[in-house]
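Structure file query20.cif (mmCIF, C-alpha atoms) is printed below.
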```cif
data_coords
loop_
_atom_site.label_atom_id
_atom_site.label_comp_id
_atom_site.auth_asym_id
_atom_site.auth_seq_id
_atom_site.Cartn_x
_atom_site.Cartn_y
_atom_site.Cartn_z
CA MET G 273 0.00 0.00 0.00
CA LYS G 274 2.81 2.40 0.91
CA ARG G 275 4.56 1.69 -2.37
CA SER G 276 1.42 2.43 -4.36
CA VAL G 277 1.02 5.78 -2.58
CA LEU G 278 4.69 6.53 -3.27
CA ILE G 279 4.32 5.80 -6.98
CA LEU G 280 1.26 8.07 -7.11
CA VAL G 281 3.13 10.94 -5.41
CA LEU G 282 6.18 10.61 -7.63
CA GLY G 283 4.06 10.34 -10.73
CA ARG G 284 2.49 13.69 -9.90
CA LEU G 285 5.88 15.27 -9.24
CA ALA G 286 7.22 14.05 -12.55
CA GLY G 287 4.59 16.05 -14.38
CA ALA G 288 1.96 15.28 -16.97
CA PRO G 289 1.79 15.50 -20.77
CA ALA G 290 1.94 19.04 -22.07
CA LEU G 291 -1.38 20.89 -22.24
CA PRO G 292 -2.40 23.77 -24.49
CA ALA G 293 -1.10 27.14 -23.32
CA ALA G 294 -4.61 28.53 -22.85
CA VAL G 295 -6.19 26.63 -19.96
CA PRO G 296 -9.96 27.08 -19.57
CA ALA G 297 -10.96 28.83 -16.35
CA ALA G 298 -13.14 25.86 -15.44
CA SER G 299 -10.01 23.69 -15.17
CA GLN G 300 -8.58 25.88 -12.39
CA LEU G 301 -9.60 25.04 -8.85
CA PRO G 302 -8.97 27.09 -5.70
CA GLY G 303 -6.08 25.68 -3.71
CA PRO G 304 -5.04 26.02 -0.07
CA GLY G 305 -3.59 29.19 1.41
CA TYR G 306 0.18 29.39 1.95
CA ARG G 307 2.68 31.55 3.76
CA LEU G 308 6.07 32.44 2.29
CA GLU G 309 8.58 33.78 4.80
CA PHE G 310 12.28 34.31 5.31
CA THR G 311 14.62 35.38 8.09
CA ILE G 312 18.29 36.26 7.75
CA ARG G 313 20.29 36.94 10.91
CA GLY G 314 23.98 37.46 11.63
CA GLY G 315 26.47 39.24 13.82
CA ALA G 316 30.17 39.72 14.51
CA ILE G 317 32.19 41.03 17.44
CA SER G 318 35.88 41.61 16.85
CA ARG G 319 38.61 44.24 16.60
CA VAL G 320 40.12 45.93 13.58
CA LEU G 321 43.93 46.02 13.67
CA PHE G 322 43.62 44.70 17.25
CA LEU G 323 42.65 48.21 18.43
CA PHE G 324 39.28 49.36 17.12
CA PRO G 325 36.17 47.49 18.28
CA LEU G 326 33.94 45.98 15.63
CA ARG G 327 30.37 45.13 16.60
CA ILE G 328 27.89 44.47 13.80
CA TYR G 329 24.40 42.96 13.91
CA TYR G 330 21.99 42.45 11.01
CA GLU G 331 18.54 40.88 10.79
CA ALA G 332 15.93 40.95 8.02
CA SER G 333 12.57 39.21 7.88
CA ALA G 334 9.40 39.26 5.80
CA ALA G 335 6.31 37.11 5.37
CA LEU G 336 3.56 37.05 2.76
CA ASP G 337 0.22 35.25 2.78
CA LEU G 338 -0.64 33.74 -0.59
CA GLU G 339 -3.69 32.39 -2.37
CA THR G 340 -3.37 29.55 -4.86
CA VAL G 341 -5.08 28.10 -7.89
CA ARG G 342 -4.53 24.47 -8.90
CA ARG G 343 -4.16 24.22 -12.65
CA GLN G 344 -4.96 21.29 -14.88
CA ASP G 345 -1.27 20.90 -15.81
CA GLY G 346 -0.47 20.05 -12.16
CA SER G 347 1.03 23.43 -11.28
CA LEU G 348 0.11 25.77 -8.43
CA GLN G 349 -0.26 29.49 -9.13
CA PHE G 350 0.52 31.68 -6.11
CA THR G 351 -0.74 35.27 -5.74
CA PHE G 352 -0.39 37.88 -3.01
CA ALA G 353 -3.08 37.90 -0.30
CA GLY G 354 -1.59 40.18 2.36
CA LEU G 355 1.05 40.73 5.05
CA PRO G 356 0.58 38.65 8.21
CA ARG G 357 2.96 40.97 10.10
CA PRO G 358 5.27 43.89 9.36
CA ALA G 359 8.44 43.15 7.40
CA TYR G 360 11.62 44.66 8.80
CA VAL G 361 15.36 45.17 8.78
CA LEU G 362 17.04 45.53 12.17
CA ARG G 363 20.71 46.46 12.06
CA THR G 364 23.50 48.35 13.78
CA LEU G 365 25.07 51.34 12.06
CA GLY G 366 28.80 51.95 11.81
CA PHE G 367 31.52 49.65 13.10
CA GLY G 368 31.08 50.20 16.83
CA GLY G 369 27.45 49.11 17.07
CA LYS G 370 26.37 52.11 19.15
CA THR G 371 23.37 52.97 16.97
CA LEU G 372 20.57 50.60 16.05
CA ALA G 373 18.26 51.17 13.07
CA LEU G 374 14.85 49.58 12.52
CA LEU G 375 13.16 49.82 9.13
CA ALA G 376 9.64 48.35 9.11
CA VAL G 377 6.70 48.21 6.73
CA GLY G 378 3.18 47.14 7.57
CA ALA G 379 0.04 46.62 5.57
CA GLY G 380 -1.60 49.99 6.25
CA ASP G 381 -0.72 53.68 6.15
CA ASP G 382 -3.57 55.08 8.26
CA ALA G 383 -3.47 55.94 11.96
CA ASP G 384 -4.36 52.41 12.98
CA GLY G 385 -1.64 51.00 10.76
CA MET G 386 1.00 53.33 12.18
CA ALA G 387 -0.06 52.52 15.75
CA ALA G 388 0.15 48.80 15.01
CA ASP G 389 3.62 49.28 13.52
CA GLY G 390 4.65 51.15 16.64
CA ARG G 391 3.52 48.31 18.89
CA PHE G 392 5.34 45.83 16.65
CA ALA G 393 8.55 47.88 16.81
CA ALA G 394 8.40 48.10 20.61
CA ALA G 395 7.85 44.36 20.98
CA LEU G 396 10.58 43.51 18.46
CA LEU G 397 13.16 45.77 20.09
CA GLY G 398 12.30 44.47 23.56
CA GLN G 399 12.75 40.88 22.49
CA TRP G 400 15.98 41.69 20.64
CA ARG G 401 17.48 43.27 23.75
CA ARG G 402 16.68 40.16 25.78
CA GLN G 403 18.03 37.76 23.15
CA PHE G 404 21.21 39.61 22.24
CA PRO G 405 22.53 41.51 25.27
CA GLU G 406 26.07 41.41 23.87
CA PHE G 407 24.93 43.82 21.14
CA ALA G 408 22.12 45.64 22.99
CA SER G 409 24.41 46.65 25.87
CA ARG G 410 26.45 48.86 23.51
CA VAL G 411 23.50 50.53 21.76
CA GLY G 412 22.97 54.11 22.86
CA THR G 413 20.66 55.35 20.10
CA VAL G 414 17.74 53.66 18.33
CA LYS G 415 16.48 55.11 15.05
CA THR G 416 13.17 53.95 13.56
CA PHE G 417 12.21 54.37 9.90
CA PRO G 418 8.51 53.55 9.32
CA HIS G 419 7.42 52.69 5.78
CA PHE G 420 4.17 52.00 3.99
CA LEU G 421 3.60 49.32 1.35
CA ARG G 422 3.23 50.27 -2.30
CA GLN G 423 1.64 47.64 -4.58
CA ALA G 424 1.78 47.78 -8.36
CA GLY G 425 -0.79 45.94 -10.45
CA ALA G 426 -3.54 43.49 -9.59
CA GLN G 427 -1.00 40.80 -8.62
CA PRO G 428 1.96 42.56 -6.97
CA PHE G 429 3.64 39.29 -5.94
CA SER G 430 3.13 36.04 -7.82
CA PHE G 431 4.89 32.89 -8.96
CA ARG G 432 4.11 29.39 -10.20
CA ARG G 433 5.26 26.02 -8.87
CA ASP G 434 5.13 23.56 -11.75
CA ALA G 435 4.32 19.85 -11.58
CA ALA G 436 8.02 18.98 -11.26
CA GLY G 437 8.44 21.27 -8.23
CA ALA G 438 10.29 24.14 -9.97
CA TYR G 439 9.45 27.76 -9.09
CA ARG G 440 8.86 29.86 -12.19
CA ASP G 441 7.43 33.17 -13.44
CA ILE G 442 8.38 35.00 -10.23
CA ASP G 443 7.10 38.58 -10.24
CA CYS G 444 7.57 41.04 -7.37
CA ARG G 445 6.06 44.54 -7.39
CA LEU G 446 5.88 45.20 -3.67
CA GLU G 447 7.87 48.22 -2.49
CA PRO G 448 8.39 49.71 0.99
CA VAL G 449 8.16 53.52 0.76
CA TYR G 450 9.54 55.72 3.53
CA ARG G 451 6.69 57.55 5.25
CA HIS G 452 8.58 60.82 5.03
CA ALA G 453 9.40 60.51 1.32
CA PRO G 454 10.95 62.12 -0.68
CA ALA G 455 13.41 62.08 2.22
CA ARG G 456 15.60 58.96 2.10
CA THR G 457 17.00 56.75 4.82
CA GLY G 458 20.17 55.82 2.93
CA LEU G 459 19.69 52.20 4.06
CA TYR G 460 18.78 49.20 1.93
CA PHE G 461 15.29 47.83 2.54
CA HIS G 462 14.86 45.30 -0.26
CA VAL G 463 13.00 42.66 1.74
CA PHE G 464 10.42 41.80 -0.92
CA PRO G 465 12.79 41.53 -3.90
CA LEU G 466 14.99 39.46 -1.61
CA LEU G 467 12.09 37.16 -0.76
CA ALA G 468 11.42 36.68 -4.48
CA ASP G 469 15.09 36.05 -5.23
CA LEU G 470 15.43 33.45 -2.48
CA LEU G 471 12.85 31.25 -4.19
CA ALA G 472 15.59 30.23 -6.64
CA LEU G 473 17.24 28.29 -3.81
CA LEU G 474 14.28 25.90 -3.82
CA ASN G 475 14.84 24.93 -7.46
CA GLN G 476 17.44 22.33 -6.55
CA ARG G 477 15.86 18.97 -7.33
CA ALA G 478 15.17 17.02 -4.16
CA LEU G 479 14.27 13.69 -5.79
CA PRO G 480 16.78 11.08 -7.00
CA PRO G 481 17.36 10.56 -10.73
CA GLY G 482 14.62 8.39 -12.23
CA ALA G 483 12.19 8.85 -9.37
CA GLY G 484 8.67 9.05 -10.70
CA ASP G 485 9.32 7.34 -14.03
CA GLY G 486 7.27 4.30 -13.02
CA GLN G 487 10.36 2.12 -12.70
CA ALA G 488 12.07 3.46 -9.60
CA GLY G 489 10.81 4.77 -6.29
CA LEU G 490 12.49 6.65 -3.49
CA ALA G 491 15.48 4.89 -2.00
CA ASP G 492 16.15 4.96 1.73
CA ALA G 493 18.88 7.52 1.07
CA TRP G 494 20.48 9.22 -1.91
CA SER G 495 22.74 12.14 -2.88
CA GLY G 496 21.41 15.26 -4.55
CA GLY G 497 23.05 17.09 -7.43
CA GLU G 498 26.12 19.29 -7.09
CA ILE G 499 25.41 22.68 -5.51
CA ASP G 500 27.33 25.87 -6.32
CA LEU G 501 25.97 28.84 -4.36
CA SER G 502 28.30 31.49 -5.83
CA ALA G 503 25.71 33.34 -7.93
CA ASP G 504 22.95 32.97 -5.32
CA LEU G 505 25.05 34.30 -2.43
CA ASN G 506 26.32 37.29 -4.41
CA ARG G 507 22.81 38.26 -5.51
CA ILE G 508 21.53 37.96 -1.94
CA ALA G 509 24.46 39.96 -0.54
CA GLY G 510 23.80 42.73 -3.06
CA LEU G 511 20.21 43.08 -1.83
CA LEU G 512 21.17 43.10 1.84
CA GLU G 513 23.65 45.93 2.12
CA LYS G 514 25.15 48.68 -0.05
CA VAL G 515 28.71 48.15 1.21
CA VAL G 516 28.47 44.41 0.64
CA GLN G 517 27.24 44.97 -2.90
CA SER G 518 30.20 47.18 -3.78
CA MET G 519 33.04 45.57 -1.82
CA VAL G 520 32.36 41.86 -1.25
CA THR G 521 32.40 39.08 -3.82
CA VAL G 522 31.64 35.62 -2.49
CA ARG G 523 33.64 32.81 -4.10
CA PRO G 524 32.88 29.41 -2.51
CA LYS G 525 35.90 27.14 -2.85
CA GLY G 526 34.09 24.01 -3.88
CA ARG G 527 30.74 22.39 -4.46
CA PHE G 528 28.77 19.99 -2.31
CA ARG G 529 25.76 17.67 -2.31
CA LEU G 530 22.86 17.24 0.08
CA GLN G 531 22.34 13.76 1.46
CA TYR G 532 18.64 12.95 1.28
CA ARG G 533 16.30 10.51 2.94
CA ALA G 534 12.54 9.97 2.66
CA LEU G 535 10.18 9.39 5.57
CA ALA G 536 6.57 8.24 5.33
CA VAL G 537 4.19 10.59 7.17
CA PRO G 538 1.43 9.03 9.31
CA GLY G 539 -1.87 9.34 7.49
CA GLY G 540 -0.22 9.40 4.07
CA GLY G 541 2.34 11.55 2.34
CA TRP G 542 6.09 11.95 2.48
CA GLU G 543 8.74 14.13 4.04
CA ILE G 544 11.99 14.39 2.10
CA CYS G 545 14.94 15.71 4.13
CA GLY G 546 18.40 16.64 2.89
CA GLU G 547 21.43 17.95 4.74
CA ALA G 548 25.11 18.71 4.25
CA PHE G 549 27.96 20.00 6.44
CA PRO G 550 30.51 20.98 3.80
CA ASP G 551 32.67 23.61 5.62
CA ILE G 552 33.38 25.34 2.31
CA PRO G 553 35.23 28.71 2.62
CA VAL G 554 33.40 31.61 0.99
CA TRP G 555 35.02 34.84 2.24
CA LYS G 556 37.49 36.01 4.91
CA GLY G 557 37.37 32.86 7.03
CA PHE G 558 33.58 32.43 6.77
CA MET G 559 32.38 29.06 5.55
CA ILE G 560 29.19 27.34 4.46
CA ARG G 561 28.88 25.24 7.58
CA GLU G 562 25.56 23.53 6.93
CA MET G 563 22.59 23.41 4.63
CA GLN G 564 19.26 21.67 5.15
CA ARG G 565 16.29 21.13 2.86
CA ARG G 566 12.88 19.77 3.79
CA LEU G 567 10.03 19.02 1.41
CA ARG G 568 6.67 17.71 2.65
CA LEU G 569 3.92 16.34 0.37
CA ASP G 570 0.51 14.92 1.17
CA ALA G 571 -0.77 11.56 -0.10
CA GLU G 572 -1.90 13.19 -3.38
CA GLY G 573 1.40 14.95 -3.98
CA LEU G 574 0.13 18.41 -2.97
CA LEU G 575 2.77 20.63 -1.38
CA LEU G 576 2.56 20.97 2.40
CA ALA G 577 5.91 22.67 3.02
CA ASP G 578 9.16 23.46 1.24
CA GLU G 579 12.02 25.05 3.14
CA ILE G 580 15.75 25.56 3.11
CA TRP G 581 18.17 26.57 5.89
CA LEU G 582 21.75 27.79 5.38
CA GLY G 583 24.39 28.55 7.99
CA LEU G 584 27.54 30.59 7.30
CA ARG G 585 29.98 31.02 10.17
CA GLY G 586 33.65 31.57 10.88
CA ARG G 587 35.91 29.40 12.99
CA ASN G 588 35.02 31.41 16.09
CA GLY G 589 31.32 30.63 15.63
CA GLN G 590 30.38 34.15 14.53
CA GLY G 591 28.43 34.64 11.34
CA GLY G 592 24.81 34.03 10.55
CA TRP G 593 22.08 31.95 9.04
CA GLY G 594 19.11 32.26 6.75
CA ARG G 595 15.88 30.34 6.30
CA LEU G 596 13.25 30.40 3.59
CA ARG G 597 9.99 28.55 4.09
CA LEU G 598 6.84 28.07 2.01
CA ARG G 599 4.10 26.21 3.83
CA GLN G 600 0.38 25.68 3.92
CA ARG G 601 -1.18 28.24 6.22
CA ASP G 602 -3.14 27.61 9.36
CA GLU G 603 -5.69 30.42 9.42
CA ASN G 604 -5.77 30.40 13.23
CA GLU G 605 -2.03 30.48 13.83
CA GLU G 606 -0.29 33.25 15.72
CA VAL G 607 2.87 34.78 14.27
CA GLU G 608 5.92 34.59 16.51
CA ARG G 609 9.40 35.94 15.97
CA GLU G 610 12.11 33.35 15.31
#
```
Rendering of file as structure tokens:
Amino acid sequence: MKRSVLILVLGRLAGAPALPAAVPAASQLPGPGYRLEFTIRGGAISRVLFLFPLRIYYEASAALDLETVRRQDGSLQFTFAGLPRPAYVLRTLGFGGKTLALLAVGAGDDADGMAADGRFAAALLGQWRRQFPEFASRVGTVKTFPHFLRQAGAQPFSFRRDAAGAYRDIDCRLEPVYRHAPARTGLYFHVFPLLADLLALLNQRALPPGAGDGQAGLADAWSGGEIDLSADLNRIAGLLEKVVQSMVTVRPKGRFRLQYRALAVPGGGWEICGEAFPDIPVWKGFMIREMQRRLRLDAEGLLLADEIWLGLRGRNGQGGWGRLRLRQRDENEEVERE
């Protein structure tokens, strides 16, 4: 019975015969709601030339709620449905870490929206101080930069996940606008383009060669394809910070593979997990320490969750990590900070 369910799931992942480009509206069915979210966090404490203190902290996070349509060709079309919470960048300024900046954007620009953003900022800063006293103890000034959300077009954020699990046709037209524009903050706040760009990380095939062709199923364990993150890391770095974009070029010294395994989920469906601990140098003593991928499918092959986690740290343990996650949404869930 388990093998028959497996063959059904893999058959759906492998795709179906090509359909005409124009799909009748009647062949599109409403799908479940999803949430797409990312968090990037990192920090460093050191000294420059053994004399000048260096204390840098950076954190960025955003989440979007999405509606879906299930197409006859087996793909899922995702479209923007709203912000479940404000998106933000929280970072120190300068090398000494004495000033902290918070850039945040919520869903509204009226009085209620600004008040909600203010409560969010207070809660976020309070939790940050408790979690990271080694940085908070040096902060003397906190600057806040509230933004409102500008949406262009009827579908300001959309993409398609095809029957083979690839993310295509990614379109982002969400823009945080400083509430005191045309004044400028001088700080990068590209959280939504970054969220769109990170989707490319999920296009690494998680299934073994031949899976889904009707002749081979999932093995207990297998190796994924070779991964080279050079282009991905440089694009991401360019969206995070102006100085990084102009001065830092990441050049990983090697490629690696994720080691996968498949687990049957009670009640039907599969969870496919991959991980690697490559310790590949990328820049100035920082290395790709670990990478994890998790893909969850129900008994019919419908996506439950797809996520990736990447850790980059130096030999002293300093550095950071990032996580991207797309998952079916629980309408009653409460949003909590990582």
Please identify all polymer residues within 9 Å of Tyr439 of chain G, counting only C-alpha atoms, omitting same-chain residues fewer than 2 positions from it, and present them as a PyMOL selection string.
chain G and resi 431-434+437+441-442+471-472+474-475
Running the PyMOL selection byres ((chain G and resi 369-380) around 7) on this model by hand, what would come out? Give it as a PyMOL selection string.
chain G and resi 327-328+355+357-368+381-382+385+389+410-421+448
Please measure the separation of atom CA of Lys514 of chain G and atom CA of Gly458 of chain G, giving the value in Å to one decimal.
9.2 Å
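Distance-wise, atom CA of Glu447 of chain G and atom CA of Leu308 of chain G end up 16.6 Å apart.
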For atom CA of Leu473 of chain G and atom CA of Ala548 of chain G, quote the distance in Å rounded to one decimal.
14.8 Å
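The shortest atom-to-atom distance to Leu574 of chain G, with all atoms listed in the file taken into account, belongs to G:Gly346 out of G:Pro553, G:Gly346, G:Gly314, G:Gly497.
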Give as a PyMOL selection string the residues that the PyMOL selection byres ((chain G and resi 342) around 8) matches when applied to the coordinates above.
chain G and resi 300-303+340-341+343-344+346-349
Give the answer as one residue: which of G:Leu596, G:Leu470, G:Met563, G:Pro465 has the shortest atom-to-atom distance to Ala503 of chain G, using only C-alpha atoms?
G:Leu470
Let me make sure I understand: among G:Ala468, G:Gly541, G:Ala426, G:Glu331, which one has the smallest atom-to-atom distance to Glu309 of chain G if we use all atoms listed in the file?
G:Ala468
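Nearest to Asp578 of chain G of all the residues G:Ser502, G:Gln476, G:Gln531, G:Ser430 is G:Gln476, based on all atoms listed in the file.
Proximity ranking of G:Arg523, G:His462, G:His452, G:Arg533 relative to Asn506 of chain G places G:Arg523 first, based on all atoms listed in the file.
Residues matching the PyMOL selection byres ((chain G and resi 592) around 7) in this structure come to G:Arg313, G:Gly314, G:Gly315, G:Gly583, G:Leu584, G:Arg585, G:Gln590, G:Gly591, G:Trp593.
The closest residue to Ile544 of chain G, picked from G:Glu579, G:Asp345, G:Glu498, G:Glu406 and counting only C-alpha atoms, is G:Glu579.
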